[in-house]
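K.L.:
Handing you a structure now.
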Amino acid sequence: MSPYAGVGFEERMGTVEFRVHERAHITVDGDACRGCTTQGCVTACPAKLFVPTADGGILFNYEQCFECGTCYMVCNTAGAITWTYPEGGHGVVFGRS
Amino acid sequence: MTKVDAVVVGAGPAGSAAAIALARRGRSVVLLERGPFPGSKNMYGGVVYGRVLDGIIPRWWETMPVQRWVTRRQTMMVTPTQALTVDFRTEAWGDAPYNGATAYRPELDSWLADHAVDAGATLVCSTTATGLLRDGGRVVGVRTDRPDGDIEADVVIACDGVNSFLAKEAGLYTHTEPEHFTVGVKETLSLPRSVIEERFGVRGDHGVDIEIVGCTEGIPGGGFVYTNLDTVAVGLVLQLPALAAQSKRPEELLAGLKAHPAIAPLVEGAEIAEYSAHLIPEGGFEMMPELVADGMLVAGDAAAMCLAAGIWLEGVNFAIGSGHAAGLAAAQALDAGDATTSGLAGYRTRLESSFVLADHRKLADVPGLIMSERVQQRYPEVACNVVERIFTVDNPLPKPGFNRIALDELRRAGLRWRDVARDAVRGLRSYG
């Protein structure tokens with residue numbers, strides 16, 4: 001197997017620079033997520049930031065966010081995901097993309 | 001509070017082009033960038049077409065940070081086990097004024113922003129515009145996340161990208177259906193320069209761009225592979241609702257493309273240098289917002305100016321074209337002392353008379369056609385099967401005629417003549 005095929009997700013995300021701010025720029029309403037049958041964000045978020053929990057909710061981490069907007073665009077529960085840009089100078093920093 | 005003639009939000013290609021136009025006409029301009037440097041938030045699917053810069057930066061090709069000049073262009077239709085490729089190359093694209101180039105967006109966008117600064121614009125990085133300043137219905141500036149960071153301006157030009165919160169706040173978008181958006185995911189893969197040149201059949205600073213259809217497992221979208229100097233980029237664009245409605249994650253779908261028999265030999269042994277993702281507005285003319293508000297213009301991805309028309313996949317040139325037109329229209333409005341909606345109406349006129357809206361108008365029907373199930377899956381399958389049968393020598397049987405093969409394969413794919421004819425007419429109307 002060629003080396004890249006075996007790249008784990010953490011290693012993949014390890015190639016990206018993130019200047020993490022202490023304030024989360026995305027908030028998720030857990031109650032709304034528990035009632036959501038599709039949870040499209042879990043599959044679609046390229047950074048795999050949304051993880052389903054045993055009780056049907058969503059566990060969420062904002063730190064390695066590409067700031068793409070996929071999550072709120074695929075979210076079909078109004079108000080479940082509140083999305084803004086991170087503070088200036090923070091968040092993802094691409095170098096060779 | 002800072003007060004300037006114009007504030008441009010976003011130092012991507014649209015914003016920098018707008019700032020260049022305004023600053024060169026003597027206007028005070030603040031160019032806001034939320035990233036630590038221009039381009040730090042940006043990635044793309046491969047090729048910059050630079051001719052739009054001819055009138056803005058003479059002999060741009062001498063200084064633009066280019067990875068490779070694209071002299072070989074392939075369109076590939078694939079099924080899981082087949083690939084049919086149209087492979088075109090020309091030396092003409094390897095000399096000035098060139099055609100397409102691959103580049104790293106952080107370098108490209110920083111270069112263009114430097115030109116805005118040279119023209120006299122004030123570039124302010126690490127600063128997020130958090131909202132619009134209003135006076136009644138009129139836009140009079142932006143709020144930022146800096147202490148006392150409000151900036152008052154006679155004109156605001158929103159070049160704040162595909163998610164454009166400013167255009168939405170101004171009420172310029174009446175509809176933003178997720179069907180009109182794809183997410184692009186990309187791996188930048190390290191390979192020695194000599195290996196890239198050997199595998200892709202190019203030399204020196206020449207490069208290759210490959211666009212692929214049929215590689216997204218039924219999700220409307222497509223794939224791409226292109227060469228940088230010592231990296232190869234491989235990526236997918238995936239329509240949002242269809243991606244969210246199935247169970248494979250983007251990086252798993254991308255692994256599928258990299259394992260395809262036509263692609264695997266190109267990227268074998270390469271190590272990931274950077275993973276990236278970004279939204280793309282693919283709806284074209286159909287999803288464009290109002291472009292002008294009282295005191296405000298919108299350009300680039302913020303105005304859905306990306307052209308996703310199948311054989312033509314362009315964005316940076318449309319951003320530069322629309323941004324520059326916005327800067328010129330704003331300068332004209334400021335000269336006339338009228339930055340109201342009617343004073344700024346020249347922006348739309350300029351776009352209509354340039355490639356920006358001419359191309360989008362002409363190709364308005366294409367995104368829908370390209371994203372259809374037939375173009376995405378059935379036609380690649382039929383084309384590959386037809387060619388496979390034409391070139392399969394199955395003696396002792398005699399060779400069948402092309403017509404017979406084509407009819408067989410259309411039927412086998414469950415295609416109806418009526419639909420094929422309709423798609424052909426639709427395509428001819430747009431491309432013809």
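In the structure tokens, each chain is lettered A, B, ... as it comes, each chain's residues begin at 1, and ligands are numbered from 1 in order of appearance.
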I need the helix (DSSP H, G or I) residues of range 99-189 of chain B per DSSP on the backbone, written as a list in words.

P.N.:
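Checking each residue of range 99-189 of chain B, the helix (DSSP H, G or I) ones are Arg105, Pro106, Glu107, Leu108, Asp109, Ser110, Trp111, Leu112, Ala113, Asp114, His115, Ala116, Val117, Asp118, Ala119, Phe165, Leu166, Ala167, Lys168, Glu169, Pro178, Glu179 and His180 of chain B.
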
K.L.:
Would you mind exporting C-alpha atoms of the selected residues as a short mmCIF file (atom, residue, chain, number, x, y, z; two decimals), in the first residue's frame?

P.N.:
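The file below, result24.cif, is the result:
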```cif
data_model
loop_
_atom_site.label_atom_id
_atom_site.label_comp_id
_atom_site.auth_asym_id
_atom_site.auth_seq_id
_atom_site.Cartn_x
_atom_site.Cartn_y
_atom_site.Cartn_z
CA ARG B 105 -3.43 30.88 -3.56
CA PRO B 106 -1.62 32.32 -0.53
CA GLU B 107 1.19 33.41 -2.89
CA LEU B 108 -1.07 34.53 -5.73
CA ASP B 109 -3.46 36.50 -3.54
CA SER B 110 -0.61 38.15 -1.62
CA TRP B 111 0.96 39.22 -4.92
CA LEU B 112 -2.24 40.85 -6.13
CA ALA B 113 -2.81 42.54 -2.75
CA ASP B 114 0.75 43.94 -2.98
CA HIS B 115 -0.31 45.69 -6.17
CA ALA B 116 -3.24 47.24 -4.31
CA VAL B 117 -0.85 48.47 -1.62
CA ASP B 118 1.55 49.82 -4.26
CA ALA B 119 -1.38 51.72 -5.78
CA PHE B 165 -22.28 37.48 5.42
CA LEU B 166 -22.21 41.10 4.29
CA ALA B 167 -24.20 40.47 1.09
CA LYS B 168 -26.68 38.43 3.13
CA GLU B 169 -26.92 41.12 5.82
CA PRO B 178 -27.54 24.28 -0.83
CA GLU B 179 -28.09 22.61 -4.24
CA HIS B 180 -26.14 25.48 -5.75
#
```

K.L.:
Hey, which bits of chain A sit within 7 Å of chain B, and for each residue what's the closest pair of atoms and how far apart in Å (one decimal), counting only C-alpha atoms, rows by chain and increasing number, as CSV?

P.N.:
```
residue,atom,partner,partner_atom,distance
A:Ser2,CA,B:Gly269,CA,5.3
A:Pro3,CA,B:Gly269,CA,5.9
A:Tyr4,CA,B:Glu271,CA,5.6
A:Ala5,CA,B:Ala255,CA,6.9
A:Arg12,CA,B:Tyr275,CA,6.5
A:Met13,CA,B:Tyr275,CA,6.8
A:Thr15,CA,B:Glu274,CA,4.9
A:Val16,CA,B:Glu274,CA,5.8
A:Gly40,CA,B:Ala244,CA,4.3
A:Cys41,CA,B:Ala244,CA,6.7
A:Thr43,CA,B:Arg249,CA,5.1
A:Ala44,CA,B:Ala244,CA,5.2
A:Pro46,CA,B:Pro250,CA,5.9
A:Phe66,CA,B:Ala277,CA,6.2
A:Cys68,CA,B:His278,CA,4.7
A:Gly69,CA,B:Leu279,CA,6.8
A:Thr70,CA,B:Val183,CA,6.8
A:Met73,CA,B:Pro178,CA,5.8
A:Val74,CA,B:Pro241,CA,6.2
A:Glu87,CA,B:Thr128,CA,6.3
A:Gly88,CA,B:Ser126,CA,4.1
A:Gly89,CA,B:Ser126,CA,3.7
A:His90,CA,B:Gly35,CA,6.8
A:Val92,CA,B:Lys41,CA,6.4
A:Val93,CA,B:Ser40,CA,4.8
A:Phe94,CA,B:Ser40,CA,4.9
A:Gly95,CA,B:Pro106,CA,5.9
A:Arg96,CA,B:Tyr104,CA,5.2
A:Ser97,CA,B:Met43,CA,4.8
```

K.L.:
Write out as a count of residues only each polymer residue whose atoms come within 6 Å of Val140 in chain B, counting only C-alpha atoms; drop sequence neighbours fewer than 5 positions from it.

P.N.:
5

K.L.:
Go ahead and compute the interatomic distance for CA of Leu291 in chain B and CA of Cys75 in chain A, in Å to one decimal.

P.N.:
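Distance reported for this atom pair: 26.7 Å.
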
K.L.:
Can you measure CA of Gln376 in chain B to CA of Leu236 in chain B for me? One decimal in Å is fine.

P.N.:
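Computed distance, CA of Gln376 in chain B to CA of Leu236 in chain B, equals 13.4 Å.
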
K.L.:
List the spatial neighbours of Trp83 in chain A as JSON, numbers by chain - criterion: any atom at most 8 Å away, only C-alpha atoms, same-chain residues fewer than 2 positions off excluded.

P.N.:
{"A": [25, 26, 27, 69, 72, 81, 85]}

K.L.:
Could you write out that same residue set with N, CA and C atoms as a PDB file, in the first residue's frame?

P.N.:
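Result file follows (again29.pdb):
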```pdb
ATOM      1  N   HIS A  25     -16.057  29.776  17.258  1.00  0.00           N
ATOM      2  CA  HIS A  25     -16.780  30.601  16.283  1.00  0.00           C
ATOM      3  C   HIS A  25     -18.020  29.887  15.745  1.00  0.00           C
ATOM      4  N   ILE A  26     -18.208  28.658  16.176  1.00  0.00           N
ATOM      5  CA  ILE A  26     -19.405  27.918  15.812  1.00  0.00           C
ATOM      6  C   ILE A  26     -20.032  27.405  17.102  1.00  0.00           C
ATOM      7  N   THR A  27     -21.343  27.524  17.210  1.00  0.00           N
ATOM      8  CA  THR A  27     -22.006  26.899  18.346  1.00  0.00           C
ATOM      9  C   THR A  27     -23.081  25.954  17.816  1.00  0.00           C
ATOM     10  N   GLY A  69     -18.080  26.411   5.718  1.00  0.00           N
ATOM     11  CA  GLY A  69     -19.518  26.703   5.747  1.00  0.00           C
ATOM     12  C   GLY A  69     -20.404  25.525   5.375  1.00  0.00           C
ATOM     13  N   TYR A  72     -23.311  24.507   8.129  1.00  0.00           N
ATOM     14  CA  TYR A  72     -24.579  25.231   8.257  1.00  0.00           C
ATOM     15  C   TYR A  72     -25.388  25.165   6.959  1.00  0.00           C
ATOM     16  N   ILE A  81     -27.068  25.212  14.079  1.00  0.00           N
ATOM     17  CA  ILE A  81     -25.661  25.590  13.955  1.00  0.00           C
ATOM     18  C   ILE A  81     -25.567  27.100  13.759  1.00  0.00           C
ATOM     19  N   TYR A  85     -17.351  33.888  11.339  1.00  0.00           N
ATOM     20  CA  TYR A  85     -15.917  33.739  11.124  1.00  0.00           C
ATOM     21  C   TYR A  85     -15.204  33.870  12.465  1.00  0.00           C
TER      22      TYR A  85
END
```

K.L.:
From the options A:Ala47, A:Thr38, A:Ala78, A:Tyr62, which residue's atoms come nearest to Arg23 in chain A, counting only C-alpha atoms?

P.N.:
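Of all the options, A:Tyr62 lies closest to Arg23 in chain A.
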
K.L.:
Give me, as a ChimeraX atom specification, the residues of range 88-326 of chain B that a backbone DSSP run labels strand (DSSP E or B).

P.N.:
/B:88-89,100-102,122-124,129-135,138-144,151-158,181-190,206-213,221-227,231-239,271-281,292-293,296-298,307-309,312-314

K.L.:
Keeping only C-alpha atoms, write the selected residues to a file as a compact mmCIF listing (two decimals), in the first residue's frame.

P.N.:
```txt
# COMPACT_ATOMS: atom_id res chain seq x y z
CA PHE B 88 -4.92 18.22 -25.60
CA ARG B 89 -1.54 19.94 -25.51
CA GLY B 100 -3.74 29.04 -17.63
CA ALA B 101 -1.39 28.71 -14.68
CA THR B 102 -1.37 26.68 -11.51
CA THR B 122 -4.21 50.40 3.03
CA LEU B 123 -4.18 46.66 3.63
CA VAL B 124 -5.36 45.69 7.10
CA ALA B 129 -15.63 42.54 9.24
CA THR B 130 -18.43 41.60 11.62
CA GLY B 131 -21.27 43.58 10.07
CA LEU B 132 -22.44 46.62 8.15
CA LEU B 133 -22.75 50.17 9.47
CA ARG B 134 -26.06 51.63 8.34
CA ASP B 135 -27.68 55.00 8.19
CA ARG B 138 -27.94 53.07 3.38
CA VAL B 139 -24.68 51.18 3.96
CA VAL B 140 -22.11 53.62 5.38
CA GLY B 141 -19.27 51.35 6.45
CA VAL B 142 -18.39 48.15 8.30
CA ARG B 143 -17.90 47.00 11.85
CA THR B 144 -14.76 45.02 12.59
CA ILE B 151 -14.73 52.00 9.45
CA GLU B 152 -16.94 54.59 7.81
CA ALA B 153 -16.92 54.68 4.02
CA ASP B 154 -18.94 56.17 1.17
CA VAL B 155 -18.83 52.79 -0.57
CA VAL B 156 -18.45 49.27 0.80
CA ILE B 157 -17.35 46.58 -1.67
CA ALA B 158 -18.08 43.12 -0.29
CA PHE B 181 -23.05 24.85 -3.65
CA THR B 182 -20.34 22.24 -3.75
CA VAL B 183 -17.58 21.64 -1.24
CA GLY B 184 -14.14 21.27 -2.76
CA VAL B 185 -11.68 19.05 -0.92
CA LYS B 186 -8.10 18.81 -2.00
CA GLU B 187 -4.83 17.16 -1.11
CA THR B 188 -1.59 18.84 -2.07
CA LEU B 189 0.82 15.92 -2.49
CA SER B 190 4.61 16.16 -2.46
CA HIS B 206 4.91 23.42 -18.17
CA GLY B 207 2.09 21.68 -16.35
CA VAL B 208 -1.06 19.61 -16.66
CA ASP B 209 -4.66 20.09 -15.60
CA ILE B 210 -7.03 17.11 -15.59
CA GLU B 211 -10.78 17.50 -15.04
CA ILE B 212 -12.68 14.31 -14.27
CA VAL B 213 -16.35 13.38 -14.39
CA GLY B 221 -19.64 17.03 -8.84
CA GLY B 222 -16.31 16.09 -10.31
CA GLY B 223 -12.64 15.56 -9.72
CA PHE B 224 -9.39 17.21 -10.67
CA VAL B 225 -5.68 16.58 -10.72
CA TYR B 226 -3.12 19.25 -11.56
CA THR B 227 0.58 19.78 -11.28
CA THR B 231 3.51 18.95 -5.66
CA VAL B 232 0.47 17.44 -7.33
CA ALA B 233 -3.00 18.51 -6.28
CA VAL B 234 -5.86 16.03 -6.35
CA GLY B 235 -9.37 16.92 -5.33
CA LEU B 236 -13.11 16.52 -5.60
CA VAL B 237 -16.01 18.91 -5.70
CA LEU B 238 -19.18 17.48 -4.16
CA GLN B 239 -22.69 18.89 -4.23
CA GLU B 271 2.97 12.32 0.76
CA ILE B 272 0.29 14.73 1.86
CA ALA B 273 1.72 18.24 2.24
CA GLU B 274 -1.57 20.00 2.92
CA TYR B 275 -5.24 19.10 3.09
CA SER B 276 -7.77 21.83 2.36
CA ALA B 277 -11.46 22.50 1.77
CA HIS B 278 -13.67 25.37 0.63
CA LEU B 279 -17.20 26.00 -0.58
CA ILE B 280 -17.82 26.81 -4.25
CA PRO B 281 -20.84 28.70 -5.56
CA VAL B 292 -25.76 46.71 -5.93
CA ALA B 293 -27.23 48.16 -2.75
CA MET B 296 -22.52 48.82 -1.44
CA LEU B 297 -21.36 46.51 -4.23
CA VAL B 298 -20.66 42.79 -4.14
CA LEU B 307 -18.12 29.69 -13.52
CA ALA B 308 -18.75 25.95 -13.19
CA ALA B 309 -19.65 25.14 -16.77
CA TRP B 312 -14.84 25.58 -18.31
CA LEU B 313 -14.12 25.79 -14.61
CA GLU B 314 -13.06 29.31 -13.72
```

K.L.:
Of the residues B:His324, B:Lys362, B:Arg27, B:His175, which is the one nearest to Val52 in chain B, using only C-alpha atoms?

P.N.:
B:His324

K.L.:
Quote the spacing between CA of Gly283 in chain B and CA of Leu357 in chain B in Å to one decimal place.

P.N.:
13.4 Å

K.L.:
Mind checking which residues fall within 9 Å of Ala333 in chain B, counting only C-alpha atoms, ignoring those fewer than 6 positions away in the same chain, and posting them as a tab-separated table (two decimals) with N, CA and C atoms, in the first residue's frame?

P.N.:
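Just written: result-v3.tsv:
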```tsv
chain	number	residue	atom	x	y	z
B	155	VAL	N	-18.47	54.03	0.13
B	155	VAL	CA	-18.83	52.79	-0.57
B	155	VAL	C	-18.20	51.60	0.14
B	339	ALA	N	-23.18	57.76	-4.37
B	339	ALA	CA	-22.93	56.34	-4.16
B	339	ALA	C	-24.21	55.61	-3.75
B	340	THR	N	-25.34	56.13	-4.19
B	340	THR	CA	-26.60	55.43	-3.95
B	340	THR	C	-26.72	54.27	-4.93
B	343	GLY	N	-26.49	55.61	-8.33
B	343	GLY	CA	-25.15	56.12	-8.63
B	343	GLY	C	-24.17	54.99	-8.90
B	344	LEU	N	-24.41	53.83	-8.28
B	344	LEU	CA	-23.50	52.68	-8.42
B	344	LEU	C	-23.95	51.71	-9.52
B	345	ALA	N	-25.01	52.06	-10.21
B	345	ALA	CA	-25.60	51.14	-11.20
B	345	ALA	C	-24.64	50.83	-12.35
B	346	GLY	N	-23.62	51.69	-12.51
B	346	GLY	CA	-22.64	51.45	-13.57
B	346	GLY	C	-21.92	50.11	-13.41
```
